[in-house]
file start_3.cif (mmCIF, C-alpha atoms)
data_upload
#
loop_
_atom_site.label_atom_id
_atom_site.label_comp_id
_atom_site.auth_asym_id
_atom_site.auth_seq_id
_atom_site.Cartn_x
_atom_site.Cartn_y
_atom_site.Cartn_z
CA MET A 30 181.25 94.53 61.28
CA THR A 31 180.39 92.33 64.24
CA ALA A 32 178.37 89.15 63.91
CA ARG A 33 175.47 90.79 65.73
CA ARG A 34 175.35 93.72 63.29
CA LEU A 35 175.59 91.31 60.33
CA ARG A 36 172.59 89.33 61.62
CA ARG A 37 170.57 92.56 62.09
CA ALA A 38 171.46 93.75 58.58
CA ALA A 39 170.51 90.36 57.09
CA LEU A 40 167.22 90.34 59.02
CA ALA A 41 166.42 93.90 57.88
CA ALA A 42 167.19 93.01 54.25
CA ALA A 43 164.99 89.90 54.44
CA LEU A 44 162.15 91.91 55.95
CA LEU A 45 162.39 94.60 53.26
CA THR A 46 162.43 91.95 50.54
CA ALA A 47 159.32 90.28 52.00
CA LEU A 48 157.46 93.56 52.29
CA ALA A 49 158.38 94.70 48.79
CA GLY A 50 157.05 91.53 47.21
CA CYS A 51 153.78 91.21 49.13
CA GLY A 52 151.63 92.26 46.15
CA VAL A 53 149.65 95.05 47.87
CA THR A 54 148.75 97.78 45.41
CA THR A 55 147.21 101.21 45.87
CA THR A 56 143.54 101.98 45.15
CA ASP A 57 141.49 105.13 44.64
CA VAL A 58 139.27 106.55 47.40
CA ILE A 59 135.87 104.86 47.47
CA ASP A 60 132.91 106.80 48.91
CA VAL A 61 130.61 104.51 50.87
CA GLY A 62 128.66 106.85 53.21
CA GLN A 63 129.03 107.88 56.83
CA PRO A 64 132.18 106.86 58.72
CA ALA A 65 132.03 103.89 61.05
CA THR A 66 131.03 104.71 64.61
CA GLY A 67 132.06 101.50 66.35
CA ALA A 68 130.34 98.28 67.30
CA LYS A 69 127.65 100.00 69.39
CA ARG A 70 125.26 102.00 67.19
CA GLN A 71 123.89 105.21 68.63
CA GLY A 72 120.38 104.70 69.95
CA GLU A 73 120.81 100.94 70.26
CA ALA A 74 121.39 100.63 73.99
CA ASP A 75 119.27 101.77 76.91
CA ALA A 76 122.35 102.47 79.02
CA ALA A 77 122.13 104.41 82.28
CA GLU A 78 124.16 107.33 81.02
CA ALA A 79 124.09 110.75 79.42
CA LYS A 80 126.11 111.74 76.38
CA LEU A 81 127.50 115.24 76.79
CA TYR A 82 129.57 117.32 74.41
CA PHE A 83 132.42 119.48 75.70
CA MET A 84 135.37 121.25 74.17
CA SER A 85 138.76 119.54 74.24
CA PRO A 86 142.15 120.57 72.88
CA THR A 87 141.21 118.76 69.64
CA GLY A 88 137.67 120.12 69.25
CA VAL A 89 134.17 119.26 70.42
CA THR A 90 134.11 115.76 71.85
CA GLN A 91 131.51 113.41 73.32
CA VAL A 92 131.85 112.19 76.89
CA THR A 93 129.65 109.77 78.76
CA ARG A 94 128.45 110.51 82.26
CA GLN A 95 126.95 107.68 84.29
CA ALA A 96 123.42 108.16 85.62
CA LYS A 97 120.86 106.16 87.61
CA ALA A 98 118.73 105.70 84.48
CA LYS A 99 118.84 106.47 80.77
CA LEU A 100 118.52 110.23 80.39
CA GLY A 101 116.67 112.17 77.74
CA ALA A 102 117.57 115.50 76.18
CA GLU A 103 116.07 117.59 79.01
CA ASP A 104 118.17 115.97 81.75
CA ALA A 105 121.28 115.90 79.55
CA ILE A 106 120.98 119.66 78.84
CA VAL A 107 120.78 120.29 82.62
CA LEU A 108 124.07 118.36 83.01
CA LEU A 109 125.59 120.26 80.08
CA LEU A 110 124.73 123.58 81.73
CA GLU A 111 126.53 122.41 84.90
CA GLY A 112 129.70 121.95 82.82
CA PRO A 113 132.37 119.25 82.96
CA ASP A 114 132.82 117.38 86.22
CA GLU A 115 136.16 117.40 88.05
CA ASP A 116 137.58 114.37 86.20
CA GLN A 117 136.63 115.90 82.85
CA ARG A 118 138.21 119.25 83.77
CA ILE A 119 141.41 117.46 84.79
CA ARG A 120 141.42 115.88 81.30
CA GLY A 121 141.30 119.39 79.79
CA LEU A 122 137.60 119.50 78.88
CA TYR A 123 135.65 122.73 79.19
CA SER A 124 132.36 124.25 78.11
CA ASP A 125 131.79 127.21 75.82
CA VAL A 126 128.12 127.43 76.88
CA PRO A 127 127.58 130.86 78.44
CA ARG A 128 126.15 131.35 81.92
CA MET A 129 122.48 132.17 81.59
CA LYS A 130 120.18 134.05 83.93
CA GLY A 131 116.88 132.21 83.83
CA GLU A 132 115.66 128.75 82.92
CA VAL A 133 116.39 126.72 79.84
CA HIS A 134 113.37 124.73 78.64
CA VAL A 135 113.70 121.58 76.55
CA THR A 136 110.80 120.03 74.62
CA THR A 137 110.97 116.79 72.69
CA GLY A 138 108.92 115.23 69.94
CA THR A 139 109.41 112.56 67.33
CA MET A 140 112.93 113.11 65.96
CA ARG A 141 112.84 116.74 67.21
CA VAL A 142 114.19 118.67 70.20
CA GLY A 143 113.49 122.30 71.04
CA ILE A 144 115.73 124.27 73.40
CA GLN A 145 114.39 127.64 74.54
CA MET A 146 116.86 129.75 76.50
CA PRO A 147 117.04 133.20 78.10
CA TYR A 148 119.86 134.17 75.74
CA ASN A 149 120.11 135.53 72.20
CA VAL A 150 120.85 132.37 70.19
CA THR A 151 122.74 134.32 67.53
CA ARG A 152 125.35 135.20 70.18
CA LEU A 153 126.15 131.53 70.88
CA SER A 154 129.59 130.57 69.61
CA PRO A 155 129.73 127.74 67.05
CA VAL A 156 131.19 125.53 69.81
CA ALA A 157 128.35 126.31 72.25
CA ARG A 158 125.80 125.73 69.49
CA SER A 159 127.39 122.34 68.75
CA GLN A 160 127.40 121.46 72.46
CA PHE A 161 123.66 122.14 72.75
CA VAL A 162 122.65 120.47 69.49
CA CYS A 163 124.81 117.37 69.83
CA THR A 164 123.98 116.80 73.51
CA ALA A 165 120.23 117.13 72.84
CA ALA A 166 120.28 114.92 69.74
CA ALA A 167 122.53 112.21 71.20
CA ASN A 168 120.18 111.72 74.15
CA GLU A 169 117.00 111.62 72.03
CA VAL A 170 118.06 109.47 69.10
CA PRO A 171 115.56 106.58 68.78
CA ARG A 172 116.65 102.97 68.57
CA GLY A 173 117.99 102.14 65.12
CA ARG A 174 118.44 105.77 64.03
CA GLN A 175 121.51 107.98 63.81
CA ILE A 176 122.25 111.16 65.75
CA HIS A 177 122.07 113.29 62.59
CA ASP A 178 118.45 112.19 62.06
CA VAL A 179 117.32 114.27 65.07
CA LYS A 180 116.54 117.94 64.29
CA VAL A 181 117.19 120.51 67.01
CA GLU A 182 115.76 124.01 67.28
CA LEU A 183 117.42 126.70 69.41
CA SER A 184 115.39 129.74 70.43
CA GLY A 185 116.09 132.74 72.59
CA GLY A 186 116.42 136.49 72.43
CA GLY A 187 113.39 136.63 70.15
CA LEU A 188 115.09 134.50 67.45
CA VAL A 189 114.89 130.89 66.32
CA ILE A 190 117.49 128.74 64.59
CA SER A 191 115.71 125.63 63.37
CA ASP A 192 116.60 122.29 61.81
CA LEU A 193 120.10 122.01 63.26
CA VAL A 194 121.68 118.56 63.13
CA CYS A 195 124.75 117.04 64.77
CA ASP A 196 127.28 115.32 62.56
CA SER A 197 130.90 114.62 63.48
CA ASN A 198 130.45 116.38 66.86
CA ASN A 199 129.45 119.67 65.22
CA ALA A 200 126.10 121.36 64.59
CA PHE A 201 125.12 122.17 61.04
CA PRO A 202 122.13 124.25 59.96
CA ALA A 203 119.70 123.15 57.30
CA ALA A 204 120.57 126.30 55.27
CA LYS A 205 118.31 128.58 57.32
CA LEU A 206 119.15 131.90 58.89
CA PRO A 207 117.69 132.93 62.26
CA THR A 208 114.08 134.08 61.93
CA PRO A 209 111.87 136.09 64.28
CA ALA A 210 110.24 133.91 66.94
CA PRO A 211 106.44 133.76 66.86
CA SER A 212 104.96 136.01 69.52
CA PRO A 213 103.18 134.20 72.38
#

call {"tool": "encode", "arguments": {"input": "start_3.cif", "output": "structure tokens"}}
result
Amino acid sequence: MTARRLRRAALAAALLTALAGCGVTTTDVIDVGQPATGAKRQGEADAAEAKLYFMSPTGVTQVTRQAKAKLGAEDAIVLLLEGPDEDQRIRGLYSDVPRMKGEVHVTTGTMRVGIQMPYNVTRLSPVARSQFVCTAAANEVPRGRQIHDVKVELSGGGLVISDLVCDSNNAFPAAKLPTPAPSP
């Protein structure tokens, strides 16, 4: 063995000895609530941007699009309906939201967003549903609250799916099936 290989072997042995004796032991899993979301809490900043949710090769993902002012759910849904911009498409992002003939109306209230569309909401794919719910909620979450605190209602095609929430980039129902929409 050459001197160089002997030095490498000695260094590797010393490193393994140091790591083996460091005293770190295993622990059980400890449940402590929602996963960390980073230093910036959702709803904390009044940034001039919109948070949009598109499909990526790894699932539904949030992207930020710069704007002239902070956007609410109504403006963000308009951007969502336009789909990913060129840079986002180059990165492999796409939308599962179907093309719709007619207008989509967004109403907001305290911790609530309603999205009325000219489309049967039961025909939306789970991805499209998550895109709508997460985009609406992320752009309406009040300061100091979390995205999953905002309830979203989707209506269209004579049906309503209410109390949807966004958690981990996916929409989850509050255990309700679609119900007939109240007649106008």

call {"tool": "atom_distance", "arguments": {"input": "start_3.cif", "atom1": "CA of Asp192 (chain A)", "atom2": "CA of Lys130 (chain A)"}}
result
25.3 Å

call {"tool": "closest_residue", "arguments": {"input": "start_3.cif", "among": "A:Thr164, A:Thr90, A:Ser197, A:Gln175", "to": "Val135 (chain A)", "atoms": "only C-alpha atoms"}}
result
A:Thr164

call {"tool": "residues_around", "arguments": {"input": "start_3.cif", "residues": "region 151-154 of chain A", "least_positions_apart": "6", "cutoff": "9 Å", "atoms": "all atoms listed in the file", "output": "PyMOL selection string"}}
result
chain A and resi 125-127+185-186+188-190+207

call {"tool": "residues_around", "arguments": {"input": "start_3.cif", "residues": "region 77-87 of chain A", "least_positions_apart": "6", "cutoff": "9 Å", "atoms": "only C-alpha atoms", "output": "PyMOL selection string"}}
result
chain A and resi 93-102+104-106+108-109+112-113+120-125+156-157+159-161+163-165+167-168+198

call {"tool": "atom_distance", "arguments": {"input": "start_3.cif", "atom1": "CA of Val89 (chain A)", "atom2": "CA of Gln117 (chain A)"}}
result
13.1 Å

call {"tool": "axis_aligned_box", "arguments": {"input": "start_3.cif", "around": "region 77-80 of chain A", "padding_each_side": "8 Å", "output": "lines of an AutoDock Vina configuration file"}}
result
center_x = 124.1
center_y = 108.1
center_z = 79.3
size_x = 20.0
size_y = 23.3
size_z = 21.9

call {"tool": "residues_around", "arguments": {"input": "start_3.cif", "residues": "Val133 (chain A)", "least_positions_apart": "3", "cutoff": "9 Å", "atoms": "all atoms listed in the file", "output": "list of chain:residue names"}}
result
A:Ile106, A:Val107, A:Met129, A:Ile144, A:Gln145, A:Met146, A:Pro147

call {"tool": "write_last_selection", "arguments": {"input": "start_3.cif", "atoms": "C-alpha atoms", "output": "tab-separated table (two decimals), keeping the file's coordinate frame"}}
result
chain	number	residue	atom	x	y	z
A	106	ILE	CA	120.98	119.66	78.84
A	107	VAL	CA	120.78	120.29	82.62
A	129	MET	CA	122.48	132.17	81.59
A	144	ILE	CA	115.73	124.27	73.40
A	145	GLN	CA	114.39	127.64	74.54
A	146	MET	CA	116.86	129.75	76.50
A	147	PRO	CA	117.04	133.20	78.10

call {"tool": "atom_distance", "arguments": {"input": "start_3.cif", "atom1": "CA of Pro211 (chain A)", "atom2": "CA of Asp196 (chain A)"}}
result
28.2 Å

call {"tool": "closest_residue", "arguments": {"input": "start_3.cif", "among": "A:Val162, A:Leu110, A:Val92, A:Ala210", "to": "Gly131 (chain A)", "atoms": "only C-alpha atoms"}}
result
A:Leu110

call {"tool": "closest_residue", "arguments": {"input": "start_3.cif", "among": "A:Tyr148, A:Ala200, A:Pro155, A:Glu103", "to": "Glu169 (chain A)", "atoms": "all atoms listed in the file"}}
result
A:Glu103
